[in-house]
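Below is one structure, written out as structure tokens, with a few remarks after it.
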Amino acid sequence: MKKRTLSLTALILALCLALTGCGQSEEAKAADELIAAIGEVTLESEAQIIEAEEAVAALSEEDRNSLKNDQTLTDARAAYEALVVDQAASEVEEAISAIGTVTLESGEAIQNARTLYDGSEADVQAAVENIADLEAAETELSTLKVEEDTNLITALGG
């Protein structure tokens, strides 16, 4: 009788394990695989990150809790966002650098750089390292215009 009870207990235990499953569901495994496939984050990683985020969002809470790569996905999103900010800040910095030596003809380049900077998000503006150069260029252009106007007035005799 003991042997039969042990066999029955083992069978019940095996059935319980089979029915409840061990580890991750197929959906959770697939989400973890999508996350792992992101690899090194670049500016071209956005589609992969979104696909993995959508797969995770579609999981039940239990499946989300079973993920092995959830922190990797969080880190990938943060790294991608930082790259986007860096790229946007670089574009603004390049526009500022393109001003060069300020002359009376620099107005358009200065205005373009200012418009690009002002149209950027706060985190991009905070990352722009040469904003002082833009401000100095604006001041220099203003000074040159005042000097030009003064010279014209002087040439006219008062």
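Ligands are numbered from 1 in the order shown, chains are lettered A, B, ... in the order of the structure tokens, and residues start at 1 in each chain.
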Next on the checklist: Residues of stretch 30-135 of chain A classed as alpha helix (DSSP H) by DSSP on the backbone are to be reported as a PyMOL selection string.
Outcome noted: chain A and resi 30-37+46-57+61-65+70-97+107-118+122-127+131-135
Using only C-alpha atoms, which protein or nucleic acid residues come within 12 Å of A:Ala78? Drop anything in the same chain fewer than 5 positions from it, and give the result as a PDB file with N, CA and C atoms, in the first residue's frame.
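What follows is the written file out_29.pdb:
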```
ATOM      1  N   VAL A  41      23.252  49.434 -27.600  1.00  0.00           N
ATOM      2  CA  VAL A  41      22.257  50.452 -27.950  1.00  0.00           C
ATOM      3  C   VAL A  41      22.901  51.526 -28.825  1.00  0.00           C
ATOM      4  N   THR A  42      22.245  51.795 -29.961  1.00  0.00           N
ATOM      5  CA  THR A  42      22.667  52.853 -30.878  1.00  0.00           C
ATOM      6  C   THR A  42      21.427  53.687 -31.223  1.00  0.00           C
ATOM      7  N   LEU A  43      21.615  54.689 -32.030  1.00  0.00           N
ATOM      8  CA  LEU A  43      20.469  55.494 -32.473  1.00  0.00           C
ATOM      9  C   LEU A  43      19.528  54.691 -33.356  1.00  0.00           C
ATOM     10  N   SER A  45      18.515  51.681 -32.561  1.00  0.00           N
ATOM     11  CA  SER A  45      17.923  50.663 -31.684  1.00  0.00           C
ATOM     12  C   SER A  45      16.475  50.922 -31.309  1.00  0.00           C
ATOM     13  N   GLU A  46      15.924  52.056 -31.688  1.00  0.00           N
ATOM     14  CA  GLU A  46      14.598  52.428 -31.206  1.00  0.00           C
ATOM     15  C   GLU A  46      13.536  51.380 -31.529  1.00  0.00           C
ATOM     16  N   ILE A  49      13.823  48.399 -29.232  1.00  0.00           N
ATOM     17  CA  ILE A  49      13.443  48.738 -27.862  1.00  0.00           C
ATOM     18  C   ILE A  49      11.923  48.809 -27.752  1.00  0.00           C
ATOM     19  N   GLN A  71      15.685  44.723 -16.316  1.00  0.00           N
ATOM     20  CA  GLN A  71      16.604  45.837 -16.056  1.00  0.00           C
ATOM     21  C   GLN A  71      17.386  46.183 -17.314  1.00  0.00           C
ATOM     22  N   THR A  72      17.702  45.189 -18.105  1.00  0.00           N
ATOM     23  CA  THR A  72      18.404  45.426 -19.369  1.00  0.00           C
ATOM     24  C   THR A  72      17.556  46.308 -20.281  1.00  0.00           C
ATOM     25  N   LEU A  73      16.255  46.069 -20.310  1.00  0.00           N
ATOM     26  CA  LEU A  73      15.361  46.885 -21.125  1.00  0.00           C
ATOM     27  C   LEU A  73      15.299  48.318 -20.598  1.00  0.00           C
ATOM     28  N   LEU A  83      21.434  58.982 -25.994  1.00  0.00           N
ATOM     29  CA  LEU A  83      22.003  59.144 -27.335  1.00  0.00           C
ATOM     30  C   LEU A  83      21.214  60.162 -28.147  1.00  0.00           C
ATOM     31  N   VAL A  84      19.904  60.134 -28.020  1.00  0.00           N
ATOM     32  CA  VAL A  84      19.052  61.084 -28.745  1.00  0.00           C
ATOM     33  C   VAL A  84      19.352  62.514 -28.285  1.00  0.00           C
ATOM     34  N   VAL A  85      19.473  62.704 -26.989  1.00  0.00           N
ATOM     35  CA  VAL A  85      19.787  64.028 -26.444  1.00  0.00           C
ATOM     36  C   VAL A  85      21.164  64.474 -26.929  1.00  0.00           C
TER      37      VAL A  85
END
```
Item to check | Nearest to A:Ile99 by atom-to-atom distance, counting only C-alpha atoms, from A:Asp133, A:Glu27, A:Glu33, A:Glu44 | outcome: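 Checking each of A:Asp133, A:Glu27, A:Glu33, A:Glu44 against A:Ile99, counting only C-alpha atoms, the winner is A:Asp133.
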Next on the checklist: Considering only C-alpha atoms, can you say which of A:Ile50, A:Thr101, A:Ser90, A:Leu152 comes closest to A:Glu129?
Outcome noted: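 Distance minimum relative to A:Glu129 lands on A:Ser90.
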Checklist entry - Suppose you want the space between atom CA of A:Val56 and atom CA of A:Ala79; what is it in Å? => result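 About the pair atom CA of A:Val56 and atom CA of A:Ala79: they are 18.3 Å apart.
You can rank A:Ala136, A:Glu147, A:Ser142, A:Lys68 by their closest distance to A:Gly100 using only C-alpha atoms, and at the top of that list sits A:Ala136.
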Checklist entry - Between atom CA of A:Ala31 and atom CA of A:Ser66, what is the distance, to one decimal in Å? => result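 These two atoms are separated by 10.5 Å.
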Next on the checklist: Please determine, counting only C-alpha atoms, which residue among A:Asn130, A:Ser60, A:Ser120, A:Tyr80 has the shortest atom-to-atom distance to A:Ser97.
Outcome noted: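 Using only C-alpha atoms, A:Ser97 sits closest to A:Asn130.
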Item to check | Neighbour list for A:Ala109 as an MDAnalysis selection string, cut-off 8 Å, only C-alpha atoms, skip fewer than 4 positions in-chain | outcome: chainID A and resid 95:96 98:99 113
If we count only C-alpha atoms and set the cut-off at 9 Å, which residues sit around A:Leu59, ignoring sequence neighbours fewer than 4 positions away in its own chain? Please answer as a compact mmCIF listing (two decimals) with N, CA and C atoms, in the first residue's frame.
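Full text of out.txt as output:
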```txt
# COMPACT_ATOMS: atom_id res chain seq x y z
N GLU A 27 5.47 33.44 -23.53
CA GLU A 27 5.42 34.87 -23.80
C GLU A 27 6.54 35.60 -23.07
N ALA A 28 6.79 35.24 -21.82
CA ALA A 28 7.85 35.87 -21.04
C ALA A 28 9.22 35.53 -21.63
N ALA A 31 9.66 37.65 -24.68
CA ALA A 31 9.98 39.03 -24.31
C ALA A 31 11.43 39.14 -23.87
N GLU A 54 6.76 46.73 -25.95
CA GLU A 54 5.39 46.32 -26.24
C GLU A 54 5.15 44.86 -25.83
N ALA A 55 6.15 44.01 -26.05
CA ALA A 55 6.03 42.61 -25.63
C ALA A 55 5.91 42.51 -24.11
N ASP A 63 3.95 37.21 -15.40
CA ASP A 63 4.98 37.02 -16.43
C ASP A 63 6.01 38.14 -16.38
N ARG A 64 5.58 39.37 -16.15
CA ARG A 64 6.53 40.49 -16.05
C ARG A 64 7.49 40.25 -14.87
```
Item to check | Exercise: A:Ala82 partners within 12 Å, only C-alpha atoms, chain neighbours under 6 positions left out, as a ChimeraX atom specification | outcome: /A:41-43,75-76,88-89,123-124,127
Could you save those same residues with C-alpha atoms as an mmCIF file, in the first residue's frame?
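Produced file out-v1.cif, reproduced below:
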```cif
data_model
loop_
_atom_site.group_PDB
_atom_site.id
_atom_site.type_symbol
_atom_site.label_atom_id
_atom_site.label_comp_id
_atom_site.auth_asym_id
_atom_site.auth_seq_id
_atom_site.Cartn_x
_atom_site.Cartn_y
_atom_site.Cartn_z
ATOM 1 C CA VAL A 41 22.257 50.452 -27.950
ATOM 2 C CA THR A 42 22.667 52.853 -30.878
ATOM 3 C CA LEU A 43 20.469 55.494 -32.473
ATOM 4 C CA ASP A 75 18.913 50.444 -19.226
ATOM 5 C CA ALA A 76 18.518 50.199 -23.014
ATOM 6 C CA ALA A 88 20.339 66.821 -30.780
ATOM 7 C CA ALA A 89 22.808 68.776 -28.630
ATOM 8 C CA ASP A 123 17.464 68.379 -21.577
ATOM 9 C CA VAL A 124 19.003 69.088 -24.982
ATOM 10 C CA ALA A 127 23.618 69.424 -22.875
#
```
Checklist entry - Quick one: of A:Leu156, A:Ile38, A:Glu94, A:Thr103, who's nearest to A:Thr143, counting only C-alpha atoms? => result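 Selected residue with least distance to A:Thr143: A:Thr103.
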Item to check | Counting only C-alpha atoms, the option among A:Leu104, A:Val92, A:Asn151, A:Glu81 closest to A:Val128 | outcome: A:Val92
Checklist entry - What is the atom CA of A:Ile131-atom CA of A:Gln111 distance in Å, reported with one decimal? => result 13.2 Å
Next on the checklist: I'd like the contact shell of A:Val102 - 8 Å cut-off, only C-alpha atoms, skipping same-chain residues fewer than 6 positions apart - returned as an NGL selection string.
Outcome noted: :A and (137 or 140-141)
